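File shown: input_36.pdb (PDB, C-alpha atoms and all ligand atoms).
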```
MODEL        1
ATOM      1  CA  MET A1232     -30.634 -27.067  39.484  1.00  0.00           C
ATOM      2  CA  ALA A1233     -30.768 -25.010  36.301  1.00  0.00           C
ATOM      3  CA  ALA A1234     -32.235 -21.506  36.481  1.00  0.00           C
ATOM      4  CA  ALA A1235     -35.928 -21.564  35.599  1.00  0.00           C
ATOM      5  CA  PRO A1236     -36.719 -19.358  32.605  1.00  0.00           C
ATOM      6  CA  ASP A1237     -39.578 -17.654  34.424  1.00  0.00           C
ATOM      7  CA  GLN A1238     -37.491 -16.785  37.452  1.00  0.00           C
ATOM      8  CA  ALA A1239     -37.740 -13.083  38.290  1.00  0.00           C
ATOM      9  CA  SER A1240     -34.579 -11.104  37.762  1.00  0.00           C
ATOM     10  CA  SER A1241     -33.278  -7.761  38.943  1.00  0.00           C
ATOM     11  CA  ILE A1242     -30.628  -5.414  37.653  1.00  0.00           C
ATOM     12  CA  CYS A1243     -27.378  -5.269  39.599  1.00  0.00           C
ATOM     13  CA  SER A1244     -26.755  -1.606  40.294  1.00  0.00           C
ATOM     14  CA  HIS A1245     -22.986  -2.166  40.064  1.00  0.00           C
ATOM     15  CA  CYS A1246     -22.654  -3.950  36.706  1.00  0.00           C
ATOM     16  CA  ASP A1247     -26.090  -3.244  35.167  1.00  0.00           C
ATOM     17  CA  ARG A1248     -26.619  -6.914  34.333  1.00  0.00           C
ATOM     18  CA  ALA A1249     -29.848  -8.861  34.917  1.00  0.00           C
ATOM     19  CA  ILE A1250     -29.356 -11.206  37.883  1.00  0.00           C
ATOM     20  CA  PRO A1251     -31.879 -13.757  39.193  1.00  0.00           C
ATOM     21  CA  SER A1252     -33.542 -11.998  42.118  1.00  0.00           C
ATOM     22  CA  SER A1253     -32.767 -14.823  44.515  1.00  0.00           C
ATOM     23  CA  ASN A1254     -29.027 -14.424  43.802  1.00  0.00           C
ATOM     24  CA  LEU A1255     -28.936 -10.647  43.757  1.00  0.00           C
ATOM     25  CA  ASP A1256     -27.609 -10.021  47.250  1.00  0.00           C
ATOM     26  CA  LEU A1257     -24.854 -12.557  46.907  1.00  0.00           C
ATOM     27  CA  HIS A1258     -24.028 -11.346  43.390  1.00  0.00           C
ATOM     28  CA  PHE A1259     -23.937  -7.705  44.415  1.00  0.00           C
ATOM     29  CA  ALA A1260     -21.606  -8.388  47.335  1.00  0.00           C
ATOM     30  CA  HIS A1261     -19.215 -10.255  45.027  1.00  0.00           C
ATOM     31  CA  CYS A1262     -19.631  -7.842  42.111  1.00  0.00           C
ATOM     32  CA  SER A1263     -19.053  -4.617  44.020  1.00  0.00           C
ATOM     33  CA  ARG A1264     -16.056  -6.065  45.855  1.00  0.00           C
ATOM     34  CA  ASN A1265     -14.242  -7.594  42.869  1.00  0.00           C
ATOM     35  CA  LEU A1266     -15.285  -5.829  39.682  1.00  0.00           C
ATOM     36  CA  GLU A1267     -15.064  -2.286  38.460  1.00  0.00           C
ATOM     37  CA  LYS A1268     -16.360  -0.585  35.380  1.00  0.00           C
ATOM     38  CA  CYS A1269     -13.649   0.571  32.977  1.00  0.00           C
ATOM     39  CA  LYS A1270     -14.043   4.323  32.608  1.00  0.00           C
ATOM     40  CA  ILE A1271     -12.960   4.142  28.964  1.00  0.00           C
ATOM     41  CA  CYS A1272     -14.843   1.208  27.421  1.00  0.00           C
ATOM     42  CA  GLY A1273     -17.436   0.466  30.116  1.00  0.00           C
ATOM     43  CA  ASP A1274     -16.480  -3.219  30.412  1.00  0.00           C
ATOM     44  CA  MET A1275     -16.657  -4.831  33.848  1.00  0.00           C
ATOM     45  CA  VAL A1276     -13.088  -5.735  34.708  1.00  0.00           C
ATOM     46  CA  PRO A1277     -11.761  -7.617  37.765  1.00  0.00           C
ATOM     47  CA  LYS A1278     -10.207  -4.966  40.003  1.00  0.00           C
ATOM     48  CA  ILE A1279      -6.941  -6.845  40.234  1.00  0.00           C
ATOM     49  CA  HIS A1280      -6.712  -6.860  36.422  1.00  0.00           C
ATOM     50  CA  ALA A1281      -7.774  -3.264  35.887  1.00  0.00           C
ATOM     51  CA  GLU A1282      -4.270  -2.035  35.214  1.00  0.00           C
ATOM     52  CA  HIS A1283      -3.567  -4.902  32.821  1.00  0.00           C
ATOM     53  CA  HIS A1284      -6.870  -4.195  31.070  1.00  0.00           C
ATOM     54  CA  PHE A1285      -5.928  -0.543  30.631  1.00  0.00           C
ATOM     55  CA  LEU A1286      -2.415  -1.275  29.410  1.00  0.00           C
ATOM     56  CA  SER A1287      -3.443  -4.006  26.979  1.00  0.00           C
ATOM     57  CA  THR A1288      -6.532  -2.251  25.645  1.00  0.00           C
ATOM     58  CA  HIS A1289      -6.332   1.513  26.007  1.00  0.00           C
ATOM     59  CA  ALA A1290      -2.789   2.613  26.794  1.00  0.00           C
ATOM     60  CA  PRO A1291      -0.966   4.409  23.969  1.00  0.00           C
ATOM     61  CA  VAL A1292       1.370   2.145  22.022  1.00  0.00           C
ATOM     62  CA  SER A1293       4.367   3.031  19.954  1.00  0.00           C
ATOM     63  CA  CYS A1294       4.773   2.004  16.335  1.00  0.00           C
ATOM     64  CA  SER A1295       7.490  -0.628  16.009  1.00  0.00           C
ATOM     65  CA  LEU A1296       8.625   0.943  12.736  1.00  0.00           C
ATOM     66  CA  CYS A1297       8.823   4.685  13.511  1.00  0.00           C
ATOM     67  CA  SER A1298       8.415   4.720  17.347  1.00  0.00           C
ATOM     68  CA  GLU A1299       5.591   7.246  17.173  1.00  0.00           C
ATOM     69  CA  THR A1300       3.127   6.887  20.080  1.00  0.00           C
ATOM     70  CA  MET A1301      -0.578   6.548  19.330  1.00  0.00           C
ATOM     71  CA  GLU A1302      -3.832   4.952  20.438  1.00  0.00           C
ATOM     72  CA  ARG A1303      -3.962   1.229  19.903  1.00  0.00           C
ATOM     73  CA  GLU A1304      -7.004   1.427  17.597  1.00  0.00           C
ATOM     74  CA  VAL A1305      -5.189   3.540  15.012  1.00  0.00           C
ATOM     75  CA  LEU A1306      -1.954   1.536  15.022  1.00  0.00           C
ATOM     76  CA  ALA A1307      -2.991  -0.883  12.263  1.00  0.00           C
ATOM     77  CA  VAL A1308      -4.090   1.919   9.940  1.00  0.00           C
ATOM     78  CA  HIS A1309      -0.942   3.862  10.766  1.00  0.00           C
ATOM     79  CA  LYS A1310       1.317   0.929   9.897  1.00  0.00           C
ATOM     80  CA  GLY A1311      -0.593   0.140   6.731  1.00  0.00           C
ATOM     81  CA  GLU A1312      -1.168   3.623   5.322  1.00  0.00           C
ATOM     82  CA  ASN A1313       0.537   6.430   7.236  1.00  0.00           C
ATOM     83  CA  CYS A1314       3.764   5.293   8.830  1.00  0.00           C
ATOM     84  CA  PRO A1315       6.693   7.061   7.163  1.00  0.00           C
ATOM     85  CA  GLN A1316       8.793   3.927   7.672  1.00  0.00           C
ATOM     86  CA  ARG A1317       6.327   1.449   6.159  1.00  0.00           C
ATOM     87  CA  ILE A1318       7.669  -0.393   3.142  1.00  0.00           C
ATOM     88  CA  VAL A1319       6.303   0.680  -0.222  1.00  0.00           C
ATOM     89  CA  THR A1320       7.341  -0.164  -3.770  1.00  0.00           C
ATOM     90  CA  CYS A1321       8.768   2.160  -6.390  1.00  0.00           C
ATOM     91  CA  GLU A1322       6.330   2.278  -9.288  1.00  0.00           C
ATOM     92  CA  TYR A1323       9.192   2.340 -11.800  1.00  0.00           C
ATOM     93  CA  CYS A1324      11.706  -0.240 -10.579  1.00  0.00           C
ATOM     94  CA  GLU A1325       9.513  -2.047  -7.994  1.00  0.00           C
ATOM     95  CA  PHE A1326      12.276  -1.805  -5.405  1.00  0.00           C
ATOM     96  CA  PRO A1327      10.865  -1.903  -1.849  1.00  0.00           C
ATOM     97  CA  LEU A1328      11.836   1.063   0.316  1.00  0.00           C
ATOM     98  CA  PRO A1329      10.532   3.152   3.272  1.00  0.00           C
ATOM     99  CA  ALA A1330       7.670   5.465   2.294  1.00  0.00           C
ATOM    100  CA  ILE A1331       9.580   8.518   3.505  1.00  0.00           C
ATOM    101  CA  ASP A1332      12.232   7.909   0.824  1.00  0.00           C
ATOM    102  CA  LEU A1333       9.816   7.110  -1.995  1.00  0.00           C
ATOM    103  CA  PHE A1334       9.304  10.605  -3.400  1.00  0.00           C
ATOM    104  CA  GLU A1335      13.006  11.364  -3.683  1.00  0.00           C
ATOM    105  CA  HIS A1336      13.749   7.926  -5.115  1.00  0.00           C
ATOM    106  CA  GLN A1337      11.018   8.161  -7.747  1.00  0.00           C
ATOM    107  CA  GLU A1338      12.202  11.606  -8.797  1.00  0.00           C
ATOM    108  CA  VAL A1339      15.481  10.011  -9.789  1.00  0.00           C
ATOM    109  CA  CYS A1340      14.176   6.618 -10.840  1.00  0.00           C
ATOM    110  CA  GLY A1341      11.445   8.081 -13.079  1.00  0.00           C
ATOM    111  CA  ASN A1342      14.103  10.013 -15.013  1.00  0.00           C
ATOM    112  CA  ARG A1343      15.831   6.838 -16.099  1.00  0.00           C
ATOM    113  CA  THR A1344      15.081   5.842 -19.667  1.00  0.00           C
ATOM    114  CA  GLU A1345      14.090   2.637 -21.322  1.00  0.00           C
ATOM    115  CA  LEU A1346      14.064   1.665 -24.978  1.00  0.00           C
ATOM    116  CA  CYS A1347      10.590   1.594 -26.513  1.00  0.00           C
ATOM    117  CA  GLU A1348      10.620  -1.510 -28.704  1.00  0.00           C
ATOM    118  CA  LEU A1349       7.999  -0.054 -31.028  1.00  0.00           C
ATOM    119  CA  CYS A1350       9.564   3.255 -31.995  1.00  0.00           C
ATOM    120  CA  SER A1351      13.146   2.492 -30.907  1.00  0.00           C
ATOM    121  CA  ARG A1352      13.367   5.637 -28.788  1.00  0.00           C
ATOM    122  CA  TYR A1353      14.541   5.954 -25.215  1.00  0.00           C
ATOM    123  CA  ILE A1354      11.592   7.007 -23.068  1.00  0.00           C
ATOM    124  CA  ARG A1355      11.708   8.318 -19.495  1.00  0.00           C
ATOM    125  CA  LEU A1356      10.097   5.791 -17.145  1.00  0.00           C
ATOM    126  CA  ARG A1357       7.802   8.509 -15.758  1.00  0.00           C
ATOM    127  CA  GLU A1358       6.482   9.073 -19.303  1.00  0.00           C
ATOM    128  CA  ARG A1359       6.370   5.419 -20.262  1.00  0.00           C
ATOM    129  CA  ASP A1360       2.679   4.778 -19.622  1.00  0.00           C
ATOM    130  CA  VAL A1361       1.596   7.842 -21.576  1.00  0.00           C
ATOM    131  CA  HIS A1362       4.068   7.024 -24.321  1.00  0.00           C
ATOM    132  CA  GLU A1363       2.947   3.417 -24.625  1.00  0.00           C
ATOM    133  CA  SER A1364      -0.654   4.481 -25.058  1.00  0.00           C
ATOM    134  CA  ARG A1365       0.322   6.910 -27.829  1.00  0.00           C
ATOM    135  CA  CYS A1366       3.312   5.299 -29.482  1.00  0.00           C
ATOM    136  CA  ASN A1367       2.527   4.470 -33.089  1.00  0.00           C
ATOM    137  CA  GLY A1368       5.827   2.774 -33.808  1.00  0.00           C
ATOM    138  CA  ILE A1369       6.898   5.372 -36.343  1.00  0.00           C
ATOM    139  CA  THR A1370      10.488   6.415 -35.843  1.00  0.00           C
ATOM    140  CA  ASP A1371      10.212  10.045 -36.988  1.00  0.00           C
ATOM    141  CA  ASN A1372       7.256  12.098 -35.820  1.00  0.00           C
ATOM    142  CA  VAL A1373       6.759  14.445 -32.893  1.00  0.00           C
ATOM    143  CA  ALA A1374       9.583  16.933 -32.335  1.00  0.00           C
ATOM    144  CA  GLU A1375       9.269  16.762 -28.565  1.00  0.00           C
ATOM    145  CA  THR A1376       9.656  13.009 -28.560  1.00  0.00           C
ATOM    146  CA  SER A1377      12.804  13.097 -30.650  1.00  0.00           C
ATOM    147  CA  ARG A1378      14.227  15.763 -28.339  1.00  0.00           C
ATOM    148  CA  ASN A1379      13.605  13.383 -25.442  1.00  0.00           C
ATOM    149  CA  ALA A1380      15.234  10.633 -27.387  1.00  0.00           C
ATOM    150  CA  ARG A1381      18.321  12.746 -28.044  1.00  0.00           C
ATOM    151  CA  GLU A1382      18.584  13.675 -24.377  1.00  0.00           C
ATOM    152  CA  ALA A1383      18.124  10.061 -23.474  1.00  0.00           C
ATOM    153  CA  GLU A1384      20.899   9.015 -25.826  1.00  0.00           C
ATOM    154  CA  GLN A1385      23.177  11.582 -24.262  1.00  0.00           C
ATOM    155  CA  ASP A1386      22.193  10.283 -20.817  1.00  0.00           C
ATOM    156  CA  ARG A1387      23.241   6.831 -21.802  1.00  0.00           C
ATOM    157  CA  GLY A1388      26.130   7.869 -23.972  1.00  0.00           C
ATOM    158  CA  ALA A1389      25.254   4.981 -26.238  1.00  0.00           C
ATOM    159  CA  PRO A1390      24.269   5.716 -29.819  1.00  0.00           C
ATOM    160  CA  ARG A1391      22.007   3.226 -31.476  1.00  0.00           C
ATOM    161  CA  CYS A1392      21.011   2.397 -35.008  1.00  0.00           C
ATOM    162  CA  PRO A1393      17.255   2.024 -35.564  1.00  0.00           C
ATOM    163  CA  ASN A1394      17.820   0.200 -38.833  1.00  0.00           C
ATOM    164  CA  GLU A1395      19.694  -2.678 -37.268  1.00  0.00           C
ATOM    165  CA  PHE A1396      16.496  -4.677 -37.012  1.00  0.00           C
ATOM    166  CA  SER A1397      15.556  -7.005 -39.776  1.00  0.00           C
ATOM    167  CA  LYS A1398      11.840  -7.135 -40.443  1.00  0.00           C
ATOM    168  CA  LYS A1399      11.643 -10.551 -38.825  1.00  0.00           C
ATOM    169  CA  ARG A1400      13.455  -9.340 -35.749  1.00  0.00           C
ATOM    170  CA  LEU A1401      11.144  -6.337 -35.473  1.00  0.00           C
ATOM    171  CA  LEU A1402       8.009  -8.477 -35.680  1.00  0.00           C
ATOM    172  CA  PHE A1403       9.440 -10.805 -33.066  1.00  0.00           C
ATOM    173  CA  THR A1404      10.165  -7.839 -30.788  1.00  0.00           C
ATOM    174  CA  ILE A1405       6.620  -6.530 -31.221  1.00  0.00           C
ATOM    175  CA  ALA A1406       5.204  -9.935 -30.325  1.00  0.00           C
ATOM    176  CA  ILE A1407       7.359 -10.151 -27.191  1.00  0.00           C
ATOM    177  CA  THR A1408       6.354  -6.630 -26.191  1.00  0.00           C
ATOM    178  CA  GLY A1409       2.709  -7.562 -26.673  1.00  0.00           C
ATOM    179  CA  ILE A1410       3.101 -10.579 -24.403  1.00  0.00           C
ATOM    180  CA  ALA A1411       4.962  -8.502 -21.821  1.00  0.00           C
ATOM    181  CA  VAL A1412       2.236  -5.844 -21.852  1.00  0.00           C
ATOM    182  CA  LEU A1413      -0.408  -8.547 -21.579  1.00  0.00           C
ATOM    183  CA  LEU A1414       1.358 -10.077 -18.582  1.00  0.00           C
ATOM    184  CA  GLY A1415       1.918  -6.641 -17.111  1.00  0.00           C
ATOM    185  CA  SER A1416      -1.777  -5.839 -17.371  1.00  0.00           C
ATOM    186  CA  LEU A1417      -2.603  -9.052 -15.531  1.00  0.00           C
ATOM    187  CA  PHE A1418      -0.426  -8.060 -12.611  1.00  0.00           C
ATOM    188  CA  TYR A1419      -1.051  -4.334 -12.736  1.00  0.00           C
ATOM    189  CA  PRO A1420      -4.589  -3.943 -14.052  1.00  0.00           C
ATOM    190  CA  LYS A1421      -4.734  -0.192 -13.311  1.00  0.00           C
ATOM    191  CA  LYS A1422      -1.780   0.405 -15.600  1.00  0.00           C
ATOM    192  CA  ALA A1423      -3.175  -1.632 -18.491  1.00  0.00           C
ATOM    193  CA  GLU A1424      -2.463   0.280 -21.643  1.00  0.00           C
ATOM    194  CA  HIS A1425      -2.926  -0.950 -25.148  1.00  0.00           C
ATOM    195  CA  VAL A1426       0.081  -0.878 -27.364  1.00  0.00           C
ATOM    196  CA  GLN A1427      -1.045  -0.162 -30.856  1.00  0.00           C
ATOM    197  CA  VAL A1428       0.645  -2.582 -33.174  1.00  0.00           C
ATOM    198  CA  HIS A1429      -0.063  -1.007 -36.542  1.00  0.00           C
TER
HETATM  199 ZN    ZN B1501     -23.033  -6.958  39.274  1.00  0.00          ZN
HETATM  200 ZN    ZN B1502     -11.639  -0.698  29.063  1.00  0.00          ZN
HETATM  201 ZN    ZN B1503       5.091   4.205  12.334  1.00  0.00          ZN
HETATM  202 ZN    ZN B1504      12.771   2.981  -8.497  1.00  0.00          ZN
HETATM  203 ZN    ZN B1505       7.505   4.215 -28.636  1.00  0.00          ZN
ENDMDL
END
```
This structure in structure tokens:
Amino acid sequence: MAAAPDQASSICSHCDRAIPSSNLDLHFAHCSRNLEKCKICGDMVPKIHAEHHFLSTHAPVSCSLCSETMEREVLAVHKGENCPQRIVTCEYCEFPLPAIDLFEHQEVCGNRTELCELCSRYIRLRERDVHESRCNGITDNVAETSRNAREAEQDRGAPRCPNEFSKKRLLFTIAITGIAVLLGSLFYPKKAEHVQVH
């Protein structure tokens, strides 16, 4: 017979749950013999599973990437944001590598240079975003930029001739760069910079 909704109930002093009064004695005998309250989370746990409950819920765990021991609740955040061995991506070459190596790698990687298609200068990757937002495509302007370009040429050991482009070729290059920047801004919206094609 199903329990009547108006049946009086009492609170079991062992598990603090409401138990139909007619079942209380039987329940309490069973409850106090077989269950115990977890001291950490307060759940009622079968006594024979108490150790398993502790180990699977509360015991410290070690990160599979760096072996550091921590509470289970913080493991996901650790692996996602703090673990020195988690895999991150270089912002310049997009190579995946452990977070602990990122700073050193980017120091080197950001010093590499890349040809700016608009002004035909070699620009350090770490300065590329700023350069792209300022570059006006004129080959001879700021002294600092041409110094960078000279250093960059020395780095590469490859001289180049800015006049090798025909007008057609230059326009084509600008169009391709525009498309590349457009695509880039789709994938990396925070880096979206507008190349000024004037
Ligand atoms: Zn109980
Ligand atoms: Zn517990
Ligand atoms: Zn870790
Ligand atoms: Zn890199
Ligand atoms: Zn430029």
Given the choices A:Cys1269, A:Cys1243, A:Ile1318, A:Ala1290, which gets closest to Leu1257 in chain A if the distance is worked out from all atoms listed in the file?
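Answer, going by the shortest atom-to-atom distance: A:Cys1243.
Distances from A:Asp1256, A:Glu1312, A:Glu1338, A:Glu1304 to ligand ZN 1503 (chain B) were compared using all atoms listed in the file, and the smallest one belongs to A:Glu1312.
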Please write as an MDAnalysis selection string the full residue list that the PyMOL selection byres (((not hetatm)) within 9 of (chain B and resi 1501)) yields on this file.
chainID A and resid 1242:1250 1255 1258:1263 1266 1275
Explicit residue set for the PyMOL selection byres (((not hetatm)) within 9 of (chain B and resi 1505)), as a tab-separated table (two decimals) with C-alpha atoms, keeping the file's coordinate frame:
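So the final result, stored in part12.tsv, reads:
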```tsv
chain	number	residue	atom	x	y	z
A	1346	LEU	CA	14.06	1.66	-24.98
A	1347	CYS	CA	10.59	1.59	-26.51
A	1348	GLU	CA	10.62	-1.51	-28.70
A	1349	LEU	CA	8.00	-0.05	-31.03
A	1350	CYS	CA	9.56	3.26	-32.00
A	1351	SER	CA	13.15	2.49	-30.91
A	1352	ARG	CA	13.37	5.64	-28.79
A	1353	TYR	CA	14.54	5.95	-25.22
A	1354	ILE	CA	11.59	7.01	-23.07
A	1359	ARG	CA	6.37	5.42	-20.26
A	1362	HIS	CA	4.07	7.02	-24.32
A	1363	GLU	CA	2.95	3.42	-24.62
A	1364	SER	CA	-0.65	4.48	-25.06
A	1365	ARG	CA	0.32	6.91	-27.83
A	1366	CYS	CA	3.31	5.30	-29.48
A	1367	ASN	CA	2.53	4.47	-33.09
A	1368	GLY	CA	5.83	2.77	-33.81
A	1369	ILE	CA	6.90	5.37	-36.34
A	1370	THR	CA	10.49	6.42	-35.84
```
Counting all atoms listed in the file, what residues are within 9 Å of ligand ZN 1503 (chain B), given as a list in words?
Ser1293, Cys1294, Ser1295, Leu1296, Cys1297, Ser1298, Glu1299, Thr1300, Leu1306, His1309, Lys1310, Gly1311, Asn1313, Cys1314, Pro1315, Gln1316 and Arg1317 of chain A
Hey, which residues come within 9 Å of ligand ZN 1504 (chain B) if we count all atoms listed in the file? Could you give them as a PyMOL selection string?
chain A and resi 1320-1327+1333+1336-1341
When distances are computed from all atoms listed in the file, which of A:His1283, A:Thr1288, A:Pro1277, A:Ser1241 shows the smallest separation from ligand ZN 1502 (chain B)?
A:Thr1288
